[in-house]
file start-v2.txt (compact mmCIF, C-alpha atoms)
# COMPACT_ATOMS: atom_id res chain seq x y z
CA MET C 1 -16.11 1.17 168.92
CA ILE C 2 -17.34 -2.42 169.49
CA PHE C 3 -15.49 -5.30 167.73
CA PRO C 4 -17.41 -8.35 166.66
CA LYS C 5 -16.97 -11.44 168.84
CA SER C 6 -15.48 -13.42 165.97
CA ILE C 7 -12.54 -10.92 165.64
CA ILE C 8 -11.82 -11.02 169.37
CA LEU C 9 -11.60 -14.82 169.35
CA ALA C 10 -9.24 -14.75 166.37
CA LEU C 11 -6.86 -12.30 168.14
CA ALA C 12 -6.87 -14.47 171.25
CA ALA C 13 -5.86 -17.47 169.19
CA LEU C 14 -2.90 -15.56 167.74
CA VAL C 15 -1.59 -14.28 171.10
CA ALA C 16 -1.72 -17.62 172.93
CA PRO C 17 1.18 -19.35 171.03
CA SER C 18 3.50 -16.37 171.76
CA VAL C 19 2.82 -16.63 175.51
CA ASN C 20 3.45 -20.38 175.48
CA ALA C 21 6.73 -19.87 173.60
CA PHE C 22 7.86 -17.36 176.23
CA GLN C 23 7.16 -19.78 179.01
CA ILE C 24 9.27 -22.50 177.26
CA VAL C 25 12.28 -20.24 176.55
CA LYS C 26 12.59 -18.91 180.11
CA PRO C 27 13.82 -22.18 181.69
CA SER C 28 16.41 -22.44 178.83
CA VAL C 29 17.89 -19.04 179.77
CA ALA C 30 18.14 -20.13 183.36
CA PHE C 31 19.93 -23.31 182.27
CA HIS C 32 22.56 -21.34 180.30
CA ALA C 33 23.22 -19.04 183.25
CA GLY C 34 23.84 -22.03 185.51
CA GLN C 35 26.20 -23.54 182.96
CA VAL C 36 28.26 -20.30 182.77
CA ALA C 37 28.51 -20.11 186.57
CA SER C 38 29.66 -23.74 186.70
CA THR C 39 32.30 -23.08 184.03
CA CYS C 40 33.72 -20.04 185.92
CA LEU C 41 33.91 -22.01 189.15
CA TYR C 42 35.83 -24.79 187.39
CA ALA C 43 38.28 -22.25 185.91
CA GLU C 44 38.94 -20.72 189.31
CA GLU C 45 39.62 -24.12 190.84
CA GLU C 46 41.92 -25.03 187.98
CA GLY C 47 43.86 -21.70 188.38
CA GLU C 48 44.33 -22.30 192.08
CA ALA C 49 45.57 -25.80 191.39
CA GLY C 50 48.06 -24.42 188.78
CA THR C 51 49.40 -21.80 191.24
CA GLU C 52 49.93 -24.46 193.87
CA ALA C 53 51.75 -26.60 191.31
CA ASP C 54 54.06 -23.66 190.28
CA THR C 55 54.86 -22.87 193.91
CA SER C 56 55.65 -26.48 194.59
CA SER C 57 57.88 -26.66 191.49
CA SER C 58 59.81 -23.47 192.47
CA ALA C 59 60.34 -24.77 195.98
CA GLY C 60 61.60 -28.04 194.56
CA ALA C 61 64.11 -26.23 192.30
CA THR C 62 65.39 -24.17 195.24
CA ASP C 63 65.87 -27.30 197.26
CA ILE C 64 67.89 -28.85 194.43
CA LEU C 65 70.22 -25.79 194.16
CA ASN C 66 70.85 -25.90 197.90
CA SER C 67 71.30 -29.62 198.12
CA PRO C 68 74.71 -30.89 199.36
CA GLU C 69 75.21 -32.98 196.22
CA PHE C 70 74.72 -30.00 193.91
CA LEU C 71 77.01 -27.77 196.01
CA ARG C 72 79.66 -30.49 196.09
CA ARG C 73 79.62 -30.82 192.30
CA LYS C 74 79.79 -27.04 191.94
CA LEU C 75 82.85 -26.94 194.25
CA ASP C 76 84.50 -29.67 192.18
CA VAL C 77 83.98 -27.63 189.01
CA ILE C 78 85.52 -24.53 190.63
CA LYS C 79 88.53 -26.53 191.83
CA SER C 80 88.97 -27.93 188.34
CA ASP C 81 88.91 -24.43 186.82
CA ILE C 82 91.50 -23.19 189.33
CA ALA C 83 93.78 -26.13 188.61
CA GLN C 84 93.52 -25.47 184.87
CA ALA C 85 94.31 -21.78 185.36
CA GLU C 86 97.37 -22.62 187.46
CA ALA C 87 98.55 -25.05 184.81
CA ASP C 88 98.16 -22.37 182.11
CA ILE C 89 100.14 -19.90 184.24
CA ALA C 90 102.93 -22.43 184.74
CA VAL C 91 103.14 -23.04 180.99
CA ALA C 92 103.24 -19.29 180.30
CA GLN C 93 106.04 -18.82 182.85
CA GLU C 94 108.06 -21.62 181.29
CA GLN C 95 107.63 -20.05 177.86
CA ALA C 96 108.66 -16.64 179.25
CA GLU C 97 111.80 -18.08 180.84
CA ALA C 98 112.66 -19.89 177.64
CA GLY C 99 112.20 -16.71 175.63
CA LYS C 100 114.28 -14.73 178.12
CA ALA C 101 117.09 -17.28 177.92
CA GLU C 102 117.01 -17.14 174.11
CA TRP C 103 116.49 -13.42 173.53
CA GLY C 104 117.74 -11.93 176.82
CA PRO C 105 121.32 -11.18 175.69
CA GLN C 106 120.10 -9.64 172.45
CA MET C 107 117.60 -7.46 174.33
CA GLU C 108 120.34 -6.29 176.71
CA ALA C 109 122.58 -5.49 173.75
CA LEU C 110 119.79 -3.50 172.09
CA GLN C 111 119.08 -1.59 175.30
CA SER C 112 122.78 -0.78 175.69
CA GLU C 113 122.99 0.40 172.07
CA TYR C 114 119.85 2.51 172.51
CA LYS C 115 121.37 4.17 175.60
CA ASN C 116 124.60 4.86 173.70
CA ILE C 117 122.62 6.44 170.88
CA GLN C 118 120.74 8.64 173.35
CA ASP C 119 124.00 9.73 174.99
CA ARG C 120 125.59 10.41 171.61
CA MET C 121 122.60 12.43 170.40
CA SER C 122 122.56 14.39 173.66
CA SER C 123 126.27 15.08 173.37
CA GLN C 124 125.95 16.15 169.74
CA GLY C 125 123.02 18.37 170.64
CA GLY C 126 125.07 19.98 173.41
CA GLN C 127 127.97 20.50 171.03
CA GLN C 128 125.72 22.12 168.46
CA ASN C 129 124.34 24.47 171.13
CA THR C 130 127.88 25.33 172.20
CA MET C 131 128.91 26.04 168.61
CA ALA C 132 125.88 28.26 168.05
CA THR C 133 126.56 30.19 171.26
CA THR C 134 130.22 30.57 170.32
CA VAL C 135 129.33 32.10 166.97
CA VAL C 136 126.93 34.59 168.55
CA VAL C 137 129.34 35.61 171.31
CA ARG C 138 132.19 36.15 168.86
CA GLU C 139 129.99 38.53 166.88
CA MET C 140 129.25 40.47 170.07
CA LEU C 141 132.85 40.70 171.26
CA GLU C 142 133.75 43.53 168.88
CA LEU C 143 130.98 45.60 170.43
CA LEU C 144 132.28 44.86 173.94
CA ASP C 145 135.83 45.75 172.86
CA ASN C 146 134.58 49.16 171.68
CA PHE C 147 132.95 49.69 175.07
CA ASP C 148 136.19 48.77 176.85
CA ARG C 149 138.25 51.16 174.75
CA ALA C 150 135.75 53.95 175.25
CA PHE C 151 135.64 53.45 179.03
CA GLY C 152 139.46 53.59 179.10
CA VAL C 153 139.64 56.87 177.20
CA ILE C 154 136.54 58.89 178.06
CA LYS C 155 136.39 60.45 181.49
CA PRO C 156 133.01 62.05 182.26
CA GLU C 157 133.28 65.57 183.76
CA THR C 158 129.70 66.84 184.00
CA GLU C 159 126.61 65.26 185.53
CA GLU C 160 125.14 64.78 182.06
CA GLU C 161 128.27 62.97 180.88
CA GLU C 162 128.25 60.83 184.03
CA ALA C 163 124.63 59.87 183.35
CA ILE C 164 125.52 58.87 179.78
CA ASP C 165 128.56 56.93 181.01
CA ALA C 166 126.39 55.11 183.60
CA ALA C 167 123.85 54.18 180.91
CA TYR C 168 126.60 52.72 178.68
CA LYS C 169 128.08 50.78 181.58
CA GLU C 170 124.64 49.41 182.44
CA LEU C 171 124.20 48.25 178.83
CA TYR C 172 127.70 46.73 178.89
CA GLN C 173 126.91 44.82 182.09
CA SER C 174 123.60 43.56 180.68
CA VAL C 175 125.53 41.97 177.77
CA LEU C 176 127.89 40.25 180.22
CA ASP C 177 124.91 39.03 182.27
CA LYS C 178 123.37 37.55 179.15
CA PHE C 179 126.67 35.83 178.38
CA ALA C 180 126.59 34.30 181.87
CA GLU C 181 123.06 33.01 181.28
CA LEU C 182 124.35 31.28 178.14
CA GLY C 183 127.18 29.66 180.12
CA VAL C 184 129.87 32.00 178.80
CA GLU C 185 132.62 32.89 181.32
CA GLN C 186 135.42 35.40 181.29
CA VAL C 187 138.95 34.01 181.29
CA GLU C 188 140.75 34.84 184.53
CA THR C 189 143.83 36.94 183.90
CA VAL C 190 145.53 39.29 186.38
CA GLY C 191 147.00 37.43 189.35
CA THR C 192 146.83 33.99 187.74
CA GLU C 193 149.63 31.91 186.30
CA PHE C 194 150.06 32.25 182.58
CA ASP C 195 148.19 29.49 180.72
CA TYR C 196 148.98 29.22 177.04
CA GLU C 197 145.62 27.48 176.41
CA VAL C 198 143.56 30.52 177.42
CA HIS C 199 146.08 33.39 177.49
CA GLN C 200 147.83 35.18 174.64
CA ALA C 201 150.96 36.97 175.83
CA VAL C 202 151.63 40.19 173.97
CA MET C 203 154.67 41.17 176.03
CA GLN C 204 156.73 40.52 179.17
CA ARG C 205 157.94 43.06 181.67
CA PRO C 206 159.34 43.17 185.16
CA SER C 207 156.76 43.58 187.90
CA GLU C 208 157.14 44.40 191.58
CA ASP C 209 153.68 43.09 192.42
CA TYR C 210 153.74 39.71 190.65
CA GLU C 211 156.21 36.89 190.39
CA GLU C 212 157.71 35.80 187.12
CA GLY C 213 155.29 33.90 184.91
CA MET C 214 152.20 35.52 186.46
CA VAL C 215 149.79 37.65 184.46
CA CYS C 216 150.24 41.23 185.59
CA GLU C 217 148.03 43.11 183.13
CA GLU C 218 145.09 42.46 180.79
CA PHE C 219 144.87 44.11 177.41
CA GLN C 220 141.77 42.35 176.09
CA LYS C 221 139.19 40.12 177.78
CA GLY C 222 138.99 36.46 176.91
CA PHE C 223 135.86 34.25 177.01
CA LYS C 224 135.09 30.54 177.11
CA ILE C 225 132.06 28.28 177.36
CA GLU C 226 132.70 25.18 179.44
CA GLU C 227 135.91 23.73 177.96
CA THR C 228 135.57 25.53 174.62
CA LEU C 229 137.68 28.66 174.22
CA ILE C 230 135.85 31.44 172.40
CA ARG C 231 138.70 33.94 172.48
CA ALA C 232 142.01 33.96 174.32
CA ALA C 233 142.73 36.85 176.66
CA MET C 234 145.51 39.21 175.60
CA VAL C 235 147.80 39.72 178.62
CA VAL C 236 151.14 40.95 179.88
CA VAL C 237 153.30 38.41 181.72
CA ALA C 238 155.64 39.36 184.56
CA ALA C 239 159.29 38.69 183.78

call {"tool": "encode", "arguments": {"input": "start-v2.txt", "output": "structure tokens"}}
result
Amino acid sequence: MIFPKSIILALAALVAPSVNAFQIVKPSVAFHAGQVASTCLYAEEEGEAGTEADTSSSAGATDILNSPEFLRRKLDVIKSDIAQAEADIAVAQEQAEAGKAEWGPQMEALQSEYKNIQDRMSSQGGQQNTMATTVVVREMLELLDNFDRAFGVIKPETEEEEAIDAAYKELYQSVLDKFAELGVEQVETVGTEFDYEVHQAVMQRPSEDYEEGMVCEEFQKGFKIEETLIRAAMVVVAA
């Protein structure tokens, strides 16, 4: 297809302004690129200058902290704090001595009273334990008396009777052992001088083995716990 010459000339006239516009804009783009590069270079230089300034400032601060004048002032402050602390301690000691002089005798009296109360409570507690033990032992004595009477009358003859007798004696001894664990002791009788505080004389009789006034026979066992008599021993005294 062949276009008329007039149309071709018209198209050429339209295209020409666009080409000229392109040629004008191109240098503008180059100018903006150069401006951006210049701005970045300025920022880098400014950053380096700021870093150098910060380093210089930090070094200056370190030099100030290590300077003799600063260290001397710091030492003076520490000495002042120590002196103030010592003064406070001295004041506290004076107050403590004053309080001790004022309240010391009363504190000693209170401590003495407290110790007396402790001793009294301990003594009362011991007495209560002794009383309780005394009551229990007295209830058990009737049983022991029955054992004593049986041992004095029954004489085992066969092996079976001997085994039974040994079992009763073992039980009897276990009761006495338990008494000993509780602090209960038997009253000494035969071979000792008669003592009216722990012995009850049921009779007197001449004796070839013991002097007059000595216990020569025991009828019934007596028991005591420490200085407390649970039951007096019934004895015979040599005349």

call {"tool": "atom_distance", "arguments": {"input": "start-v2.txt", "atom1": "CA of Glu185 in chain C", "atom2": "CA of Lys224 in chain C"}}
result
5.4 Å

call {"tool": "closest_residue", "arguments": {"input": "start-v2.txt", "among": "C:Glu193, C:Glu97, C:Glu160, C:Asp148", "to": "Phe219 in chain C", "atoms": "all atoms listed in the file"}}
result
C:Asp148

call {"tool": "atom_distance", "arguments": {"input": "start-v2.txt", "atom1": "CA of Lys178 in chain C", "atom2": "CA of Leu143 in chain C"}}
result
14.1 Å

call {"tool": "residues_around", "arguments": {"input": "start-v2.txt", "residues": "range 199-208 of chain C", "least_positions_apart": "3", "cutoff": "6 Å", "atoms": "all atoms listed in the file", "output": "PyMOL selection string"}}
result
chain C and resi 195-196+232-239

call {"tool": "write_last_selection", "arguments": {"input": "start-v2.txt", "atoms": "C-alpha atoms", "output": "PDB file, in the coordinates of the input"}}
result
ATOM      1  CA  ASP C 195     148.190  29.490 180.720  1.00  0.00           C
ATOM      2  CA  TYR C 196     148.980  29.220 177.040  1.00  0.00           C
ATOM      3  CA  ALA C 232     142.010  33.960 174.320  1.00  0.00           C
ATOM      4  CA  ALA C 233     142.730  36.850 176.660  1.00  0.00           C
ATOM      5  CA  MET C 234     145.510  39.210 175.600  1.00  0.00           C
ATOM      6  CA  VAL C 235     147.800  39.720 178.620  1.00  0.00           C
ATOM      7  CA  VAL C 236     151.140  40.950 179.880  1.00  0.00           C
ATOM      8  CA  VAL C 237     153.300  38.410 181.720  1.00  0.00           C
ATOM      9  CA  ALA C 238     155.640  39.360 184.560  1.00  0.00           C
ATOM     10  CA  ALA C 239     159.290  38.690 183.780  1.00  0.00           C
TER      11      ALA C 239
END

call {"tool": "axis_aligned_box", "arguments": {"input": "start-v2.txt", "around": "range 87-103 of chain C", "padding_each_side": "5 Å", "output": "lines of an AutoDock Vina configuration file"}}
result
center_x = 107.6
center_y = -19.2
center_z = 179.2
size_x = 28.9
size_y = 21.6
size_z = 21.3

call {"tool": "closest_residue", "arguments": {"input": "start-v2.txt", "among": "C:Trp103, C:Phe194, C:Phe70, C:Tyr172", "to": "Glu212 in chain C", "atoms": "only C-alpha atoms"}}
result
C:Phe194

call {"tool": "closest_residue", "arguments": {"input": "start-v2.txt", "among": "C:Asp145, C:Glu197, C:Glu226, C:Asp81", "to": "Ala180 in chain C", "atoms": "only C-alpha atoms"}}
result
C:Glu226
